[in-house]
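Student: This is the content of query-v4.tsv (TSV, C-alpha atoms and all ligand atoms):
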chain	number	residue	atom	x	y	z
O	275	MET	CA	-8.77	9.24	-6.69
O	276	ILE	CA	-9.30	8.86	-2.99
O	277	GLU	CA	-11.88	11.10	-1.26
O	278	ILE	CA	-13.09	11.43	2.32
O	279	PHE	CA	-16.59	10.04	2.94
O	280	GLU	CA	-18.53	10.64	6.17
O	281	THR	CA	-20.42	7.53	7.31
O	282	LYS	CA	-23.65	7.45	9.27
O	283	ASP	CA	-22.07	6.84	12.70
O	284	GLY	CA	-20.06	10.05	12.27
O	285	SER	CA	-16.78	8.25	11.56
O	286	LYS	CA	-15.12	8.93	8.25
O	287	THR	CA	-13.87	6.51	5.65
O	288	LEU	CA	-12.23	6.78	2.25
O	289	LEU	CA	-13.92	6.45	-1.12
O	290	ASN	CA	-11.97	5.06	-4.06
O	291	THR	CA	-13.69	7.04	-6.81
O	292	ALA	CA	-12.41	4.86	-9.66
O	293	LEU	CA	-14.04	1.79	-8.09
O	294	ASN	CA	-16.88	3.78	-6.41
O	295	GLU	CA	-16.07	1.69	-3.36
O	296	THR	CA	-15.64	2.83	0.25
O	297	TYR	CA	-13.09	1.32	2.63
O	298	HIS	CA	-15.85	0.62	5.20
O	299	SER	CA	-19.63	0.45	5.41
O	300	ARG	CA	-21.34	3.71	4.47
O	301	PHE	CA	-23.62	3.08	7.47
O	302	GLY	CA	-20.73	3.43	9.92
O	303	ALA	CA	-17.02	2.69	9.61
O	304	ILE	CA	-16.16	2.22	13.27
O	305	GLN	CA	-19.31	0.31	14.16
O	306	GLU	CA	-18.71	-2.09	11.25
O	307	SER	CA	-15.10	-2.76	12.29
O	308	ILE	CA	-16.10	-3.41	15.90
O	309	HIS	CA	-19.06	-5.62	14.99
O	310	VAL	CA	-17.44	-7.74	12.28
O	311	PHE	CA	-13.79	-7.97	13.21
O	312	ILE	CA	-13.44	-7.20	16.93
O	313	GLU	CA	-16.64	-8.78	18.28
O	314	ALA	CA	-17.30	-11.63	15.83
O	315	GLY	CA	-13.55	-12.28	15.35
O	316	LEU	CA	-11.14	-11.36	18.14
O	317	ASN	CA	-13.49	-11.36	21.14
O	318	THR	CA	-15.20	-14.57	20.04
O	319	TYR	CA	-11.84	-16.32	19.79
O	320	LEU	CA	-10.67	-15.00	23.18
O	321	LYS	CA	-13.89	-16.12	24.86
O	322	GLN	CA	-13.40	-19.63	23.50
O	323	PHE	CA	-9.66	-19.87	24.17
O	324	PRO	CA	-8.99	-17.45	27.06
O	325	ASP	CA	-5.72	-19.18	28.02
O	326	ASN	CA	-4.08	-18.69	24.65
O	327	GLU	CA	-2.22	-15.43	25.26
O	328	SER	CA	-0.36	-15.25	21.96
O	329	ILE	CA	-2.73	-14.46	19.09
O	330	HIS	CA	-1.73	-14.31	15.44
O	331	ILE	CA	-4.06	-12.31	13.20
O	332	LEU	CA	-3.89	-12.07	9.41
O	333	GLU	CA	-5.70	-9.15	7.79
O	334	VAL	CA	-6.41	-8.91	4.08
O	335	GLY	CA	-6.48	-5.17	3.31
O	336	PHE	CA	-4.70	-2.87	5.83
O	337	GLY	CA	-6.28	0.24	4.29
O	338	THR	CA	-6.73	2.98	6.89
O	339	GLY	CA	-5.53	0.80	9.77
O	340	LEU	CA	-8.89	1.04	11.55
O	341	ASN	CA	-9.17	-2.70	12.26
O	342	ALA	CA	-5.56	-2.71	13.44
O	343	ILE	CA	-5.92	0.18	15.91
O	344	LEU	CA	-9.19	-1.25	17.31
O	345	THR	CA	-7.41	-4.58	17.79
O	346	LEU	CA	-4.53	-2.88	19.58
O	347	GLN	CA	-7.02	-1.04	21.80
O	348	ALA	CA	-8.77	-4.32	22.64
O	349	VAL	CA	-5.60	-5.94	24.00
O	350	LEU	CA	-4.11	-2.97	25.89
O	351	ASN	CA	-3.99	-3.78	29.60
O	352	THR	CA	-4.69	-7.48	28.97
O	353	PRO	CA	-2.36	-10.48	29.09
O	354	TYR	CA	-2.85	-10.98	25.33
O	355	LYS	CA	-0.10	-10.31	22.82
O	356	VAL	CA	-1.10	-9.92	19.20
O	357	TYR	CA	1.09	-10.50	16.16
O	358	TYR	CA	-0.79	-8.73	13.33
O	359	GLU	CA	0.23	-9.50	9.75
O	360	THR	CA	-1.59	-7.35	7.21
O	361	LEU	CA	-1.53	-7.23	3.41
O	362	GLU	CA	-1.83	-4.09	1.34
O	363	THR	CA	-1.02	-3.34	-2.28
O	364	TYR	CA	-1.89	0.40	-2.33
O	365	PRO	CA	-0.58	1.93	0.92
O	366	LEU	CA	-2.18	5.20	1.93
O	367	SER	CA	-0.06	8.17	3.00
O	368	LEU	CA	-0.04	9.40	6.59
O	369	GLU	CA	-1.62	12.65	5.30
O	370	GLN	CA	-4.59	10.72	3.87
O	371	VAL	CA	-5.09	8.76	7.06
O	372	GLU	CA	-4.73	11.83	9.29
O	373	GLU	CA	-7.73	13.39	7.55
O	374	LEU	CA	-9.85	10.67	9.11
O	375	ASN	CA	-11.19	11.20	12.63
O	376	TYR	CA	-10.80	7.71	14.08
O	377	ILE	CA	-8.93	8.46	17.27
O	378	GLU	CA	-11.27	11.33	18.11
O	379	GLN	CA	-14.33	9.11	17.41
O	380	ILE	CA	-12.93	6.17	19.36
O	381	GLY	CA	-12.40	8.72	22.14
O	382	ASP	CA	-9.04	7.45	23.35
O	383	HIS	CA	-6.29	9.97	22.66
O	384	LEU	CA	-3.65	7.61	24.01
O	385	LEU	CA	-4.07	5.72	20.73
O	386	ASN	CA	-2.79	8.65	18.66
O	387	ASP	CA	0.90	7.74	18.86
O	388	TYR	CA	0.25	4.05	18.22
O	389	PHE	CA	-1.86	4.88	15.16
O	390	LYS	CA	0.83	7.15	13.76
O	391	LYS	CA	3.53	4.57	14.42
O	392	MET	CA	1.50	1.89	12.62
O	393	HIS	CA	1.31	4.05	9.53
O	394	THR	CA	4.91	5.27	9.50
O	395	CYS	CA	6.71	2.04	10.43
O	396	ASN	CA	8.62	0.03	7.84
O	397	TRP	CA	6.92	-2.41	5.54
O	398	ASP	CA	7.78	-6.09	5.33
O	399	GLU	CA	9.27	-6.43	8.81
O	400	PRO	CA	7.70	-6.97	12.24
O	401	VAL	CA	7.54	-3.77	14.32
O	402	GLU	CA	6.52	-3.59	17.98
O	403	ILE	CA	3.95	-0.80	18.30
O	404	HIS	CA	3.20	-1.66	21.95
O	405	PRO	CA	4.42	-4.61	24.09
O	406	ASN	CA	1.01	-6.22	23.41
O	407	PHE	CA	0.91	-5.51	19.68
O	408	THR	CA	3.41	-6.19	16.90
O	409	ILE	CA	2.53	-5.41	13.31
O	410	CYS	CA	4.02	-6.72	10.08
O	411	LYS	CA	2.64	-4.81	7.08
O	412	LYS	CA	3.29	-6.72	3.89
O	413	LYS	CA	3.21	-4.82	0.64
O	414	GLN	CA	2.04	-7.77	-1.40
O	415	PRO	CA	-1.19	-9.07	-2.93
O	416	LEU	CA	-3.17	-11.88	-1.38
O	417	GLU	CA	-2.97	-13.78	-4.65
O	418	THR	CA	0.78	-14.43	-4.25
O	419	TYR	CA	0.97	-14.30	-0.45
O	420	HIS	CA	3.00	-16.91	1.41
O	421	SER	CA	3.76	-16.98	5.10
O	422	GLU	CA	5.71	-19.23	7.42
O	423	LYS	CA	3.21	-18.43	10.14
O	424	ASP	CA	-0.15	-19.90	11.06
O	425	PHE	CA	-2.98	-17.72	12.28
O	426	HIS	CA	-5.72	-17.92	14.90
O	427	ILE	CA	-7.91	-15.30	13.22
O	428	ILE	CA	-8.30	-13.92	9.70
O	429	TYR	CA	-9.90	-10.53	9.12
O	430	PHE	CA	-10.92	-10.78	5.46
O	431	ASP	CA	-11.50	-7.13	4.58
O	432	ALA	CA	-10.93	-6.91	0.82
O	433	PHE	CA	-13.04	-4.66	-1.38
O	434	ALA	CA	-16.35	-6.31	-2.31
O	435	PRO	CA	-16.47	-9.29	-4.72
O	436	ASN	CA	-18.19	-7.27	-7.47
O	437	VAL	CA	-15.35	-4.73	-7.36
O	438	GLN	CA	-12.32	-7.01	-6.84
O	439	PRO	CA	-13.47	-10.53	-7.77
O	440	GLU	CA	-9.88	-11.79	-7.95
O	441	LEU	CA	-9.64	-11.57	-4.13
O	442	TRP	CA	-12.70	-13.79	-3.62
O	443	THR	CA	-11.86	-16.73	-5.88
O	444	LEU	CA	-11.57	-20.18	-4.34
O	445	GLU	CA	-7.79	-20.00	-4.88
O	446	ALA	CA	-7.46	-16.63	-3.14
O	447	LEU	CA	-9.62	-17.80	-0.22
O	448	GLN	CA	-7.59	-20.97	0.03
O	449	ASN	CA	-4.40	-18.91	0.09
O	450	SER	CA	-5.52	-17.30	3.34
O	451	THR	CA	-7.59	-20.04	5.02
O	452	GLN	CA	-4.82	-22.64	4.65
O	453	LYS	CA	-2.86	-20.58	7.18
O	454	LEU	CA	-5.67	-20.86	9.75
O	455	ILE	CA	-5.10	-23.22	12.69
O	456	GLU	CA	-7.71	-25.75	13.78
O	457	ASN	CA	-10.59	-23.87	15.44
O	458	GLY	CA	-9.26	-20.65	13.97
O	459	ILE	CA	-11.79	-18.01	12.94
O	460	PHE	CA	-12.30	-16.35	9.54
O	461	VAL	CA	-14.52	-13.25	9.56
O	462	THR	CA	-15.75	-10.94	6.84
O	463	TYR	CA	-18.50	-8.40	6.27
O	464	CYS	CA	-19.46	-10.22	3.06
O	465	ALA	CA	-22.50	-12.53	3.08
O	466	LYS	CA	-22.55	-13.86	-0.48
O	467	GLY	CA	-23.73	-17.46	-1.02
O	468	GLN	CA	-20.74	-18.30	-3.23
O	469	LEU	CA	-18.34	-17.23	-0.47
O	470	LYS	CA	-20.09	-19.50	2.04
O	471	ARG	CA	-20.02	-22.46	-0.35
O	472	ASP	CA	-16.33	-21.89	-1.04
O	473	LEU	CA	-15.46	-21.66	2.65
O	474	LYS	CA	-17.31	-24.92	3.32
O	475	SER	CA	-15.33	-26.62	0.56
O	476	LEU	CA	-12.15	-25.37	2.30
O	477	HIS	CA	-13.09	-27.19	5.56
O	478	LEU	CA	-14.64	-24.30	7.41
O	479	GLN	CA	-17.85	-24.54	9.37
O	480	VAL	CA	-19.80	-21.51	8.19
O	481	GLU	CA	-22.21	-19.30	10.14
O	482	SER	CA	-24.30	-16.37	8.89
O	483	LEU	CA	-24.44	-13.78	11.67
O	484	SER	CA	-26.40	-10.55	11.78
O	485	GLY	CA	-24.44	-7.78	10.21
O	486	PRO	CA	-23.59	-4.35	11.62
O	487	PRO	CA	-26.30	-1.65	11.46
O	488	GLY	CA	-27.50	-1.26	7.85
O	489	LYS	CA	-26.33	-4.74	6.76
O	490	ARG	CA	-28.44	-7.84	7.16
O	491	GLU	CA	-25.71	-10.47	7.43
O	492	MET	CA	-22.00	-11.14	7.74
O	493	THR	CA	-20.04	-14.40	7.60
O	494	ARG	CA	-17.91	-16.29	10.09
O	495	GLY	CA	-16.11	-19.55	9.37
O	496	ILE	CA	-14.41	-21.85	11.88
O	497	LYS	CA	-11.63	-24.07	10.58
O	498	VAL	CA	-12.65	-27.61	11.38
O	499	ILE	CA	-9.40	-29.32	10.41
O	500	LYS	CA	-6.00	-27.87	9.64
O	501	THR	CA	-5.21	-28.44	5.95
O	601	LIG	C1	-12.02	-2.59	2.37
O	601	LIG	S1	-10.42	-1.91	2.28
O	601	LIG	C2	-9.69	-2.40	3.81
O	601	LIG	C3	-10.07	-1.56	4.99
O	601	LIG	C4	-9.12	-1.73	6.14
O	601	LIG	N1	-9.16	-3.06	6.72
O	601	LIG	C5	-9.30	-0.67	7.19
O	601	LIG	O1	-9.46	-1.01	8.40
O	601	LIG	O2	-9.25	0.50	6.81
O	601	LIG	C6	-9.62	-3.04	1.16
O	601	LIG	C7	-8.12	-2.84	1.06
O	601	LIG	O3	-7.57	-3.92	0.30
O	601	LIG	C8	-6.47	-3.40	-0.44
O	601	LIG	N2	-6.16	-4.30	-1.57
O	601	LIG	C9	-6.45	-4.13	-2.88
O	601	LIG	N3	-5.98	-5.17	-3.61
O	601	LIG	C10	-5.40	-6.02	-2.74
O	601	LIG	C11	-4.72	-7.27	-2.89
O	601	LIG	N4	-4.60	-7.84	-4.11
O	601	LIG	N5	-4.21	-7.90	-1.79
O	601	LIG	C12	-4.35	-7.31	-0.57
O	601	LIG	N6	-5.00	-6.11	-0.36
O	601	LIG	C13	-5.48	-5.48	-1.42
O	601	LIG	C14	-7.00	-2.05	-0.89
O	601	LIG	O4	-5.95	-1.19	-1.29
O	601	LIG	C15	-7.72	-1.56	0.36
O	601	LIG	O5	-6.86	-0.82	1.19
Now, as a test, write the supplied structure out as structure tokens.

Tutor:
Amino acid sequence: MIEIFETKDGSKTLLNTALNETYHSRFGAIQESIHVFIEAGLNTYLKQFPDNESIHILEVGFGTGLNAILTLQAVLNTPYKVYYETLETYPLSLEQVEELNYIEQIGDHLLNDYFKKMHTCNWDEPVEIHPNFTICKKKQPLETYHSEKDFHIIYFDAFAPNVQPELWTLEALQNSTQKLIENGIFVTYCAKGQLKRDLKSLHLQVESLSGPPGKREMTRGIKVIKT
């Protein structure tokens, strides 16, 4: 069962009651997404490579679409164009997502139509949500994922390793990081030692960064050589 859960920054998230796992940090859904994925991921990449206007992002776990809509918001009125490929095995319904208060909390009502379009557009084909943002939602598990594309940034936002260990194995991590270009960025909220060791063995230079409020650390990896 999926229930609504109000997080400490006032934004809501969903709770998968069978797994007793929330889709975002219980300390704050929006602040976690901004801190981990937008700031440590997208904005860090853009600061380093400001002239690269075409950015490919791979997300593991589309979920409520919060990371996706914050990414779209970040590139509106910029020269950057994002191609956003996102994997999801248990798509949520529009009704479930509409019970969340993201657009109201983000405080930008112009995002409403884009958010709705993201959730209602077809799966498994690229769809332009805005001239600066094209999404391709893939209804397939990371474990068997293959893509022709390479990516500049990976948002690794699977449920935690204790809940879904199969998404954090060396093989599963390799399946995503092998699509990362040289100097590409891998970000996740997770700070487990085993994850960091695995990323290093996959040719990523690993940093432990301070986490969003309520969480001590998060992890960022930079791909040193394309494999
Ligand atoms: C932590 S939530 C993602 C939150 C999401 N990024 C957001 O902004 O709302 C993890 C998501 O991974 C999805 N998932 C579960 N198994 C998966 C798999 N094998 N491959 C890809 N995604 C999976 C879950 O259904 C869930 O939506």

Student: Just the number, please: distance in Å from CA of Gly458 (chain O) to CA of Leu346 (chain O), one decimal.

Tutor: 19.2 Å

Student: Write out as number ranges by chain which residues come within 12 Å of Asn317 (chain O) when counting all atoms listed in the file, dropping same-chain ones fewer than 3 positions away.

Tutor: O: 308-314, 320-324, 329, 344-345, 348-349, 354, 426-427, 459, 461

Student: Could the residues of chain O that have an atom at most 7 Å from ligand LIG 601 (chain O) be listed as a tab-separated table, each with its closest atom pair and the distance in Å to one decimal, counting all atoms listed in the file and ordered by chain and ascending residue number?

Tutor:
residue	atom	partner	partner_atom	distance
O:Thr296	CA	O:LIG601	C1	6.9
O:Tyr297	CA	O:LIG601	C1	4.1
O:His298	CA	O:LIG601	C1	5.7
O:Val334	CA	O:LIG601	C12	5.3
O:Gly335	CA	O:LIG601	O3	3.4
O:Phe336	CA	O:LIG601	N1	4.6
O:Gly337	CA	O:LIG601	O5	3.3
O:Thr338	CA	O:LIG601	O2	3.5
O:Gly339	CA	O:LIG601	O1	4.5
O:Leu340	CA	O:LIG601	O1	3.8
O:Asn341	CA	O:LIG601	O1	4.2
O:Ala342	CA	O:LIG601	O1	6.6
O:Leu361	CA	O:LIG601	C12	4.9
O:Glu362	CA	O:LIG601	N6	4.1
O:Thr363	CA	O:LIG601	C13	5.0
O:Tyr364	CA	O:LIG601	O4	4.5
O:Pro365	CA	O:LIG601	O4	6.6
O:Gln414	CA	O:LIG601	N5	6.3
O:Pro415	CA	O:LIG601	N5	3.4
O:Leu416	CA	O:LIG601	N5	4.1
O:Glu417	CA	O:LIG601	N4	6.2
O:Asp431	CA	O:LIG601	C1	5.1
O:Ala432	CA	O:LIG601	C6	4.1
O:Phe433	CA	O:LIG601	C1	4.4
O:Leu441	CA	O:LIG601	N4	6.3

Student: With C-alpha atoms retained, export the selected residues as an mmCIF file, keeping the file's coordinate frame.

Tutor:
data_model
loop_
_atom_site.group_PDB
_atom_site.id
_atom_site.type_symbol
_atom_site.label_atom_id
_atom_site.label_comp_id
_atom_site.auth_asym_id
_atom_site.auth_seq_id
_atom_site.Cartn_x
_atom_site.Cartn_y
_atom_site.Cartn_z
ATOM 1 C CA THR O 296 -15.640 2.830 0.250
ATOM 2 C CA TYR O 297 -13.090 1.320 2.630
ATOM 3 C CA HIS O 298 -15.850 0.620 5.200
ATOM 4 C CA VAL O 334 -6.410 -8.910 4.080
ATOM 5 C CA GLY O 335 -6.480 -5.170 3.310
ATOM 6 C CA PHE O 336 -4.700 -2.870 5.830
ATOM 7 C CA GLY O 337 -6.280 0.240 4.290
ATOM 8 C CA THR O 338 -6.730 2.980 6.890
ATOM 9 C CA GLY O 339 -5.530 0.800 9.770
ATOM 10 C CA LEU O 340 -8.890 1.040 11.550
ATOM 11 C CA ASN O 341 -9.170 -2.700 12.260
ATOM 12 C CA ALA O 342 -5.560 -2.710 13.440
ATOM 13 C CA LEU O 361 -1.530 -7.230 3.410
ATOM 14 C CA GLU O 362 -1.830 -4.090 1.340
ATOM 15 C CA THR O 363 -1.020 -3.340 -2.280
ATOM 16 C CA TYR O 364 -1.890 0.400 -2.330
ATOM 17 C CA PRO O 365 -0.580 1.930 0.920
ATOM 18 C CA GLN O 414 2.040 -7.770 -1.400
ATOM 19 C CA PRO O 415 -1.190 -9.070 -2.930
ATOM 20 C CA LEU O 416 -3.170 -11.880 -1.380
ATOM 21 C CA GLU O 417 -2.970 -13.780 -4.650
ATOM 22 C CA ASP O 431 -11.500 -7.130 4.580
ATOM 23 C CA ALA O 432 -10.930 -6.910 0.820
ATOM 24 C CA PHE O 433 -13.040 -4.660 -1.380
ATOM 25 C CA LEU O 441 -9.640 -11.570 -4.130
#

Student: So that I can see what lies close to Ser482 (chain O), please list as a list of chain:residue names the residues with an atom at most 8 Å from it, counting all atoms listed in the file and leaving out residues fewer than 2 positions away in the same chain.

Tutor: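 Close residues of Ser482 (chain O): O:Ala465, O:Val480, O:Ser484, O:Glu491, O:Met492, O:Thr493, O:Arg494.
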
Student: Between O:Ile403, O:Glu359, O:Tyr463, O:Gly315, which has the minimum distance to Gly485 (chain O) (counting all atoms listed in the file)?

Tutor: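 Checking each of O:Ile403, O:Glu359, O:Tyr463, O:Gly315 against Gly485 (chain O), counting all atoms listed in the file, the winner is O:Tyr463.
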
Student: Within 9 Å of region 386-396 of chain O, counting only C-alpha atoms, which residues show up once you throw out same-chain ones fewer than 2 positions away? Write them as a ChimeraX atom specification, please.

Tutor: /O:338-340,342-343,346,366-368,371-372,377-378,382-384,398-401,403-404,409-411

Student: Write out as a list in words each polymer residue whose atoms come within 12 Å of Asn351 (chain O), counting all atoms listed in the file; drop sequence neighbours fewer than 6 positions from it.

Tutor: His404, Pro405, Asn406 and Phe407 of chain O

Student: Export C-alpha atoms of the chosen residues as a compact mmCIF listing (two decimals), in the coordinates of the input?

Tutor:
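Generated file (result-v6.txt):
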# COMPACT_ATOMS: atom_id res chain seq x y z
CA HIS O 404 3.20 -1.66 21.95
CA PRO O 405 4.42 -4.61 24.09
CA ASN O 406 1.01 -6.22 23.41
CA PHE O 407 0.91 -5.51 19.68

Student: Excluding Ser450 (chain O) and any residue of its chain fewer than 2 positions from it, enumerate the residues within 9 Å of it, using all atoms listed in the file, and give them as a PyMOL selection string.

Tutor: chain O and resi 332+334+416+419-420+428+430+445-448+452-454

Student: Interatomic distance between CA of Tyr358 (chain O) and CA of Gly284 (chain O)?

Tutor: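 Distance between the two atoms: 26.9 Å.
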
Student: To one decimal in Å, tell me the separation between CA of Thr281 (chain O) and CA of Ser307 (chain O).

Tutor: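 Atom-to-atom, CA of Thr281 (chain O) and CA of Ser307 (chain O) are spaced 12.6 Å apart.
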
Student: Which residue gives the smallest distance to Glu422 (chain O) among O:His330, O:Leu374, O:Val356, O:Lys282, with all atoms listed in the file counted?

Tutor: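 Using all atoms listed in the file, Glu422 (chain O) sits closest to O:His330.
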
Student: Which of these, O:Leu289, O:Ile276, O:Leu473, O:Ile455, has the shortest distance to Ile499 (chain O) once you count only C-alpha atoms?

Tutor: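 Answer, going by the shortest atom-to-atom distance: O:Ile455.
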
Student: Considering all atoms listed in the file, can you say which of O:Gly302, O:Gly488, O:Pro353, O:Pro435 comes closest to Thr462 (chain O)?

Tutor: O:Pro435

Student: Which of these, O:Trp442, O:Lys286, O:Lys489, O:Val498, has the shortest distance to Asp472 (chain O) once you count only C-alpha atoms?

Tutor: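 Of O:Trp442, O:Lys286, O:Lys489, O:Val498, the one nearest Asp472 (chain O) is O:Trp442, counting only C-alpha atoms.
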
Student: Taking only C-alpha atoms into account, which of O:Arg471, O:Met275, O:Tyr357, O:Glu481 comes nearest Lys423 (chain O)?

Tutor: O:Tyr357
